[in-house]
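Note sheet for the following structure.
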Protein chains: 4
Amino acid sequence: MAEQTDGFRVPDSMRAWVLGDPHELVFTEKPVPAPGHAEVLVRIDAIAVCATDLEVIAHGPPALIEGGLPFNKNFIPGHEYMGTIVRLGPDVDEFAIGERVAVEIHAGCGRCKRCRAGMYTACHNYGMNYGDRDKGHRANGYTTDGGFAEYAVNNVNTLVRVPDGVDDAEATLIVTAGTAVYGLDVLGGLIAGESLVVTGGGPIGLMAINVAKALGAAPIVLSDIEDNRLEIGRRLGADIALNPRAVNVVERVREISGGPGCDYVMECSGAPSALSDAMSMVSRGGRVCLAAFASQPVTFDAARLVMENIYLFGIRGEGRSAVRRAAALLGQGRIAPSLLHTHTFPLDEVPTAIRYAREKIDGAIKVVVGIREA
Amino acid sequence: MAEQTDGFRVPDSMRAWVLGDPHELVFTEKPVPAPGHAEVLVRIDAIAVCATDLEVIAHGPPALIEGGLPFNKNFIPGHEYMGTIVRLGPDVDEFAIGERVAVEIHAGCGRCKRCRAGMYTACHNYGMNYGDRDKGHRANGYTTDGGFAEYAVNNVNTLVRVPDGVDDAEATLIVTAGTAVYGLDVLGGLIAGESLVVTGGGPIGLMAINVAKALGAAPIVLSDIEDNRLEIGRRLGADIALNPRAVNVVERVREISGGPGCDYVMECSGAPSALSDAMSMVSRGGRVCLAAFASQPVTFDAARLVMENIYLFGIRGEGRSAVRRAAALLGQGRIAPSLLHTHTFPLDEVPTAIRYAREKIDGAIKVVVGIREA
Amino acid sequence: MAEQTDGFRVPDSMRAWVLGDPHELVFTEKPVPAPGHAEVLVRIDAIAVCATDLEVIAHGPPALIEGGLPFNKNFIPGHEYMGTIVRLGPDVDEFAIGERVAVEIHAGCGRCKRCRAGMYTACHNYGMNYGDRDKGHRANGYTTDGGFAEYAVNNVNTLVRVPDGVDDAEATLIVTAGTAVYGLDVLGGLIAGESLVVTGGGPIGLMAINVAKALGAAPIVLSDIEDNRLEIGRRLGADIALNPRAVNVVERVREISGGPGCDYVMECSGAPSALSDAMSMVSRGGRVCLAAFASQPVTFDAARLVMENIYLFGIRGEGRSAVRRAAALLGQGRIAPSLLHTHTFPLDEVPTAIRYAREKIDGAIKVVVGIREA
Amino acid sequence: MAEQTDGFRVPDSMRAWVLGDPHELVFTEKPVPAPGHAEVLVRIDAIAVCATDLEVIAHGPPALIEGGLPFNKNFIPGHEYMGTIVRLGPDVDEFAIGERVAVEIHAGCGRCKRCRAGMYTACHNYGMNYGDRDKGHRANGYTTDGGFAEYAVNNVNTLVRVPDGVDDAEATLIVTAGTAVYGLDVLGGLIAGESLVVTGGGPIGLMAINVAKALGAAPIVLSDIEDNRLEIGRRLGADIALNPRAVNVVERVREISGGPGCDYVMECSGAPSALSDAMSMVSRGGRVCLAAFASQPVTFDAARLVMENIYLFGIRGEGRSAVRRAAALLGQGRIAPSLLHTHTFPLDEVPTAIRYAREKIDGAIKVVVGIREA
């Protein structure tokens, strides 16, 4: 039976896409979950498709893969979602019913060494929320039910208010912008006046361009093999956009720098040669952030890392409150993630949405499932 | 004609080993150089052989190699030296004649972007002291005349007082200890109570063990394929010493950690598999420092770097005043670099000293050329 | 009725000292509490008296003072305690029954901005564990029941294993050492070879001397007006111990430094003039940590702070996992907090113990209530 | 006789304002200086009046004041200047003749402990460029001849290119913007989405508002007692502008924050109560930067600093390459220092310019002496 609170009627069950066999999604009914301590129930209004969703659908949640456990049927994938708070757990007063929120992926356990140091996306209890071992960690759509559904429970730590004037679809991209902010924070934080090369013009790379521009980096160079993405990159703030099929990017970057190379590289392509190229583009004492990775082992010239005193940062997720910062930049009109949004589908067409994202049909960059506004 | 100052008679010319053809050293006479602004003249009392000296002797100074310039005959290699100040340049009052000093390698130009940020070992004007382009950068034994000689000019920035009670041979190892300090500083600085694995028990690896012990890291694990080095590692502070020929080091480290892996890895072996192993030993959110490198490109699982939020630091030289810190630890009796010192030869036997170091004759670890005390 | 687990019999009720009227402690019986999620029950084996306990006994818990709430009768003060784990909350596997642990004060809420950044001692939900507002924050002996009793519930985040060979009384001082570690971490972390002045030789100041020595700071200067504390400071590692009644400390410190002043000052005296003196002792670009404070507003020359580019850090508690680090140093025999331990009393003599601590009777520095071993 | 190079004719002597008796400036002729190693000669095109110029004119250069030396007649004050490079010292190729540059104040000695760590504005050899002790430190208009003249020699480290489209008067304000950048860098660097209160709407405070807005801080609050400055602050980015004569700023800030207070305070007023107010406005775990100071000792509640874990940063000048970053933000049109520029006078009216600045005649904020364009 449904309860009525502050005008939001919450049903007992909801429609949801769950894992079936590998590579299969099944549209079904599941009970609407109840928020516990430090949690709220979010009515999901929109969700974007991320490349890593495809991994989960194909292979099961990562904790299961690593643990060699059986494929987790009945699990709801999807993590780039936003919605409206419709129920509050006990003691929650940080948010109010009716508020629109974007939801980041990771809620750390709060009790491991990394969480205690503020590194909640590197939680040592990742995935420890199966069976008997509930340590409090959550990774939406990875280890706990995600957002290809009508409702989801979320820890208050993962919620960020959607700024006024931002529509549902754009709000799903706040998390992607958050990953870009995290990478740029790790690289330097105050990057105004520093030069940056972003390799790879997918969603994270494009948002890195956009956030870097907002923070004053200059010059900003984007490299990608697709010209339409280079064009969007230019609109988002790239001062120079290079297609490696037409130009030697490493040489060009060194030339632009006047010789020594750039200050920072943010690698978002996952190309096997990307790390090697980064080593050759960044200047002595510079920094490289890896936000994407090849599916195969990567070969590179480690001697350069040592001889050039280069620091290389792998980033997982959106640490250091990066999503909150991304929302602030969006609220001030300084970033424009909606330029990435190319397609929208309703909830019952999730498989189509995923197909568009996977196959980049019709120039798809960010495909959104718009549950309320579609 | 020689000048007499404060009791130190300085001749006009000195004996010195200089580069001849590739792989060749020639014992010759050169003029004693005069210290300029911010410089002193050091009478070299002892110098240790470093593996990178062999590179310079074989291939010429690195700036020449990179620039494709001809082999630099008449250049004096050698950088791990100590001695006594015998002349002061104009305006120098930071040191006095007669003081014993250890000498670090790098004096930054003081005017590039990196130097201005305190990163003097990543100076963008490295090697810019040939021909017409004197930017003020110095790297003893790499780009400016080094220490296989009786005298050398040095920038005051590269000098650290030798603590009382430290003999000449031990003082040559302060620079090596400094590289270890720099690596551990980059990894965490305050490493007390953090777990550390050092891979490779050469001089830098062994000093990393010793410095880490002094700073309270625990547990400290050393891996090396030579049992005598493991034994020295134990004496220098390794809680656990592992020979990868006898034990699976990665598995053992994870076991010691209780599962997640260690906090830090400092890779000092240059083994081609070392980076891969480091990725597997370090815990999520942990840090890896590369202080050695393979001569060939390295293959590793970059996905782990990203998914585990690992930071990887290449270090060049002895940044962040690490040599001064190393000298302080030595002066307090907290590190014992003399355990690395295995052989001593006089100045006219430098080729023999180098052969012992290169071929590890008679268990050689650190071979010292003792000019005054040998 | 008592339950039996792993050999530890836990009664239903326990003896405890609770707040009565202001300035009054009452010895009474209270129910033994049960550990919840992420919590354990600790049988308290020993507890040290801290100066701030006197504040709580006189004025009530700080959250009540600030909120203007009535004096909180029946509250158990005391926070510097250690003991043995006798019960585990659900999901706790980080510790086992029977382990000896030291207990730090603060468990952050895990959900405010500061906790999410790892700053758990600056939790914005401090004190939010009264009445209806349970946000999960705990500060033992300040906002939740403390340690002048036989048992206490603690969050796993606040527990640190007592190293082998450390007795109960010494283990109570690990938290004090943790505050010293936190202060030195904030000042520089890697302080080897840096000069430090500690003003005030109370427990925190003396532990700062001891930890700084362990980490290689040099030279280390202590100033205090009591010669017996200076003597203990010397034994704990002070290179120079100065009594401001006999010598001008500021002048002496500048002299020792050769002119510019010292690198760091850690102020632990709470003397009204201490901040002014710190400004005059620290060198341009140096850092000052305030770990104690005067009860009255303090007057100082703020112009020096600006003109000399000085950073001043207030520290609350033992952030950045400092207690774990302190335990590691103690386990390695590098610090000797037992030198501070002057007196021991049994549980039923807590008022006497407090009187000794407050009035420094018989040279009291750290007074311990030894519940098991006294 | 004048030399001709690249079209710039440089005379042998120049007009300059020099110190006479205290409080007196004398217009005279001086020889045009020649650039040395790492230096260039700048033809000064414009210079702004700063409050600290008045101190130098009244009391002599600071190093003299501290040293108790006699008033330094014939010294040229003034440090907020820009101009055109007309001569290069030996080895200078970082800049070309004809380039327009803004000039920051401090060139560190490059050889003291602080400079080696990148803290060039906290150089320990400040002022060591008199008489026999030339350590290489320069502070334009403080310890070496400044900019109320036609030409000045400058170290390449102090030069920043003026972005295209920025006129001379606006370019003189890049240094002021640099101080704001340095303060915000020290406070957090990545301040997007963090709340900031700036107390004091003088030039540095107003630029702090403007830079903070450019970097995404929100909300930004300005307090000042003059309504016209509040109005300019609003135009530069303050979300809320408060006059303490009309509203209780501390209460209002806590209210805006929803209770805990703001993240950062940048104090730019020098009001005696400002530090106390900052302690009450900033939230637990927050940070305060002092960029101005009262002429008298300041009284504040140091207990709050400790209990609330507040960090307080004094900043001198424009460290961490802040001027270069400020120029980048200006070049991208993200800051608008020209809003501060209220008056312009020619070189022969410097005393009038100074009077306008000192007495805030006609609402003067930044008074510029426009040597070429006035």
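We name chains A, B, ... following the order of the structure tokens; residues begin at 1 in each chain, and ligands are numbered from 1 as shown.
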So which residues touch B:His23 within 10 Å, counting only C-alpha atoms, skipping near sequence neighbours fewer than 6 positions away, as a PyMOL selection string?
-> chain B and resi 54-60
For chain B, report every residue with an atom at most 8 Å from chain D (counting only C-alpha atoms), formatted as JSON, numbers by chain.
-> {"B": [38, 91, 110, 111, 112, 115, 116, 117, 118, 119, 120, 132, 133, 134, 135, 156, 157, 320, 321]}
Among the residues of stretch 195-274 of chain D, find those DSSP assigns to alpha helix (DSSP H) from the backbone and print them as a ChimeraX atom specification.
-> /D:203-214,227-236,249-256,274
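Proximity to D:Ala208 at 9 Å, evaluated using only C-alpha atoms and with sequence-adjacent residues fewer than 3 positions away removed, yields Ala177, Thr179, Ala180, Val181, Gly183, Leu184, Val198, Pro203, Ile204, Gly205, Val211, Ala212, Lys213, Met266 and Cys268 of chain D.
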Report as a ChimeraX atom specification: the residues of stretch 7-182 of chain D with a DSSP assignment of strand (DSSP E or B), based on the backbone of this structure.
-> /D:8-10,13-19,25-31,39-48,80-88,100-103,106-107,138-140,144,149,151-155,159-161
Tell me, as an NGL selection string, which residues lie within 8 Å of C:Leu329, counting only C-alpha atoms; anything in the same chain fewer than 3 positions away does not count.
-> (:B and (192-193 or 216)) or (:C and (214 or 325-326 or 332-335))
Those residues you just picked out, can you put them in a file as a PDB file, in the first residue's frame with N, CA, C and O atoms?
ATOM      1  N   ALA B 192      55.155   7.221   9.170  1.00  0.00           N
ATOM      2  CA  ALA B 192      55.125   6.425  10.405  1.00  0.00           C
ATOM      3  C   ALA B 192      53.843   5.599  10.456  1.00  0.00           C
ATOM      4  O   ALA B 192      52.741   6.127  10.279  1.00  0.00           O
ATOM      5  N   GLY B 193      53.993   4.312  10.670  1.00  0.00           N
ATOM      6  CA  GLY B 193      52.830   3.445  10.799  1.00  0.00           C
ATOM      7  C   GLY B 193      52.230   3.004   9.483  1.00  0.00           C
ATOM      8  O   GLY B 193      51.218   2.308   9.465  1.00  0.00           O
ATOM      9  N   GLY B 216      59.779   5.505  10.877  1.00  0.00           N
ATOM     10  CA  GLY B 216      58.705   4.796  11.569  1.00  0.00           C
ATOM     11  C   GLY B 216      57.764   3.996  10.699  1.00  0.00           C
ATOM     12  O   GLY B 216      56.730   3.515  11.183  1.00  0.00           O
TER      13      GLY B 216
ATOM     14  N   ALA C 214      61.727  11.470  17.386  1.00  0.00           N
ATOM     15  CA  ALA C 214      61.606  10.205  16.657  1.00  0.00           C
ATOM     16  C   ALA C 214      61.595  10.431  15.149  1.00  0.00           C
ATOM     17  O   ALA C 214      62.081   9.600  14.382  1.00  0.00           O
ATOM     18  N   ARG C 325      49.396   6.315  14.063  1.00  0.00           N
ATOM     19  CA  ARG C 325      50.825   6.552  13.855  1.00  0.00           C
ATOM     20  C   ARG C 325      51.583   6.579  15.191  1.00  0.00           C
ATOM     21  O   ARG C 325      52.701   6.063  15.300  1.00  0.00           O
ATOM     22  N   ALA C 326      50.960   7.209  16.172  1.00  0.00           N
ATOM     23  CA  ALA C 326      51.608   7.262  17.490  1.00  0.00           C
ATOM     24  C   ALA C 326      51.790   5.853  18.037  1.00  0.00           C
ATOM     25  O   ALA C 326      52.839   5.528  18.613  1.00  0.00           O
ATOM     26  N   GLN C 332      57.464   0.560  18.040  1.00  0.00           N
ATOM     27  CA  GLN C 332      58.850   0.431  17.581  1.00  0.00           C
ATOM     28  C   GLN C 332      59.852   0.939  18.617  1.00  0.00           C
ATOM     29  O   GLN C 332      61.046   1.005  18.345  1.00  0.00           O
ATOM     30  N   GLY C 333      59.328   1.320  19.778  1.00  0.00           N
ATOM     31  CA  GLY C 333      60.223   1.781  20.830  1.00  0.00           C
ATOM     32  C   GLY C 333      60.827   3.141  20.553  1.00  0.00           C
ATOM     33  O   GLY C 333      61.856   3.508  21.125  1.00  0.00           O
ATOM     34  N   ARG C 334      60.179   3.928  19.693  1.00  0.00           N
ATOM     35  CA  ARG C 334      60.759   5.220  19.328  1.00  0.00           C
ATOM     36  C   ARG C 334      60.264   6.371  20.176  1.00  0.00           C
ATOM     37  O   ARG C 334      60.816   7.473  20.115  1.00  0.00           O
ATOM     38  N   ILE C 335      59.160   6.159  20.885  1.00  0.00           N
ATOM     39  CA  ILE C 335      58.718   7.189  21.826  1.00  0.00           C
ATOM     40  C   ILE C 335      58.505   6.511  23.179  1.00  0.00           C
ATOM     41  O   ILE C 335      58.307   5.288  23.249  1.00  0.00           O
TER      42      ILE C 335
END
Exercise: A:Gly285 partners within 7 Å, only C-alpha atoms, chain neighbours under 5 positions left out, as a VMD selection string | (chain A and resid 308 to 310) or (chain B and resid 114 122)
Would you save the residues of that selection, restricted to all heavy atoms, as a tab-separated table (two decimals), in the first residue's frame?
chain	number	residue	atom	x	y	z
A	308	GLU	N	62.02	12.41	-16.11
A	308	GLU	CA	61.34	13.71	-16.23
A	308	GLU	C	60.55	14.06	-14.97
A	308	GLU	O	59.81	15.05	-14.96
A	308	GLU	CB	60.42	13.73	-17.46
A	308	GLU	CG	61.14	13.38	-18.76
A	308	GLU	CD	62.18	14.43	-19.15
A	308	GLU	OE1	61.81	15.59	-19.26
A	308	GLU	OE2	63.37	14.05	-19.32
A	309	ASN	N	60.66	13.26	-13.94
A	309	ASN	CA	60.01	13.57	-12.66
A	309	ASN	C	58.50	13.79	-12.86
A	309	ASN	O	57.92	14.77	-12.40
A	309	ASN	CB	60.64	14.83	-12.05
A	309	ASN	CG	60.47	14.90	-10.55
A	309	ASN	OD1	61.30	14.41	-9.79
A	309	ASN	ND2	59.36	15.46	-10.10
A	310	ILE	N	57.88	12.87	-13.58
A	310	ILE	CA	56.46	13.00	-13.89
A	310	ILE	C	55.64	12.25	-12.85
A	310	ILE	O	56.01	11.17	-12.41
A	310	ILE	CB	56.19	12.44	-15.31
A	310	ILE	CG1	56.92	13.29	-16.34
A	310	ILE	CG2	54.69	12.38	-15.59
A	310	ILE	CD1	56.98	12.67	-17.73
B	114	ARG	N	59.54	25.47	-13.17
B	114	ARG	CA	59.68	24.44	-12.14
B	114	ARG	C	60.54	24.92	-10.98
B	114	ARG	O	60.21	24.71	-9.82
B	114	ARG	CB	60.27	23.16	-12.74
B	114	ARG	CG	59.44	22.52	-13.84
B	114	ARG	CD	58.10	21.99	-13.35
B	114	ARG	NE	57.35	21.45	-14.48
B	114	ARG	CZ	56.10	21.79	-14.79
B	114	ARG	NH1	55.43	22.64	-14.04
B	114	ARG	NH2	55.50	21.24	-15.83
B	122	ALA	N	63.65	19.17	-11.53
B	122	ALA	CA	62.90	19.10	-12.78
B	122	ALA	C	63.07	20.39	-13.59
B	122	ALA	O	62.19	20.77	-14.37
B	122	ALA	CB	61.42	18.83	-12.49
Give the answer as one residue: which of C:Asn243, C:Thr84, C:Ser283, C:Thr144 has the shortest atom-to-atom distance to C:Arg161, using only C-alpha atoms?
-> C:Thr84
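Shortest atom-to-atom contact with B:Ile209 among B:Val49, B:Val265, B:Val306, B:Val367: B:Val265, counting only C-alpha atoms.
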For D:Leu339, list every protein, DNA or RNA residue within 10 Å, evaluated using only C-alpha atoms, and leave out those in the same chain fewer than 2 positions away; present the list as number ranges by chain.
-> D: 170, 206-207, 232-233, 235-236, 335-337, 341-342, 365-366
For D:Ala364, please output as a VMD selection string all residues within 10 Å (counting only C-alpha atoms; exclusion window: fewer than 6 positions along the same chain).
-> chain D and resid 340 to 343 353 355 to 358
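Comparing B:Gly370, B:Pro219, B:Gly141, B:Pro260 by their smallest distance to B:Gly83, the closest is B:Gly370 (using only C-alpha atoms).
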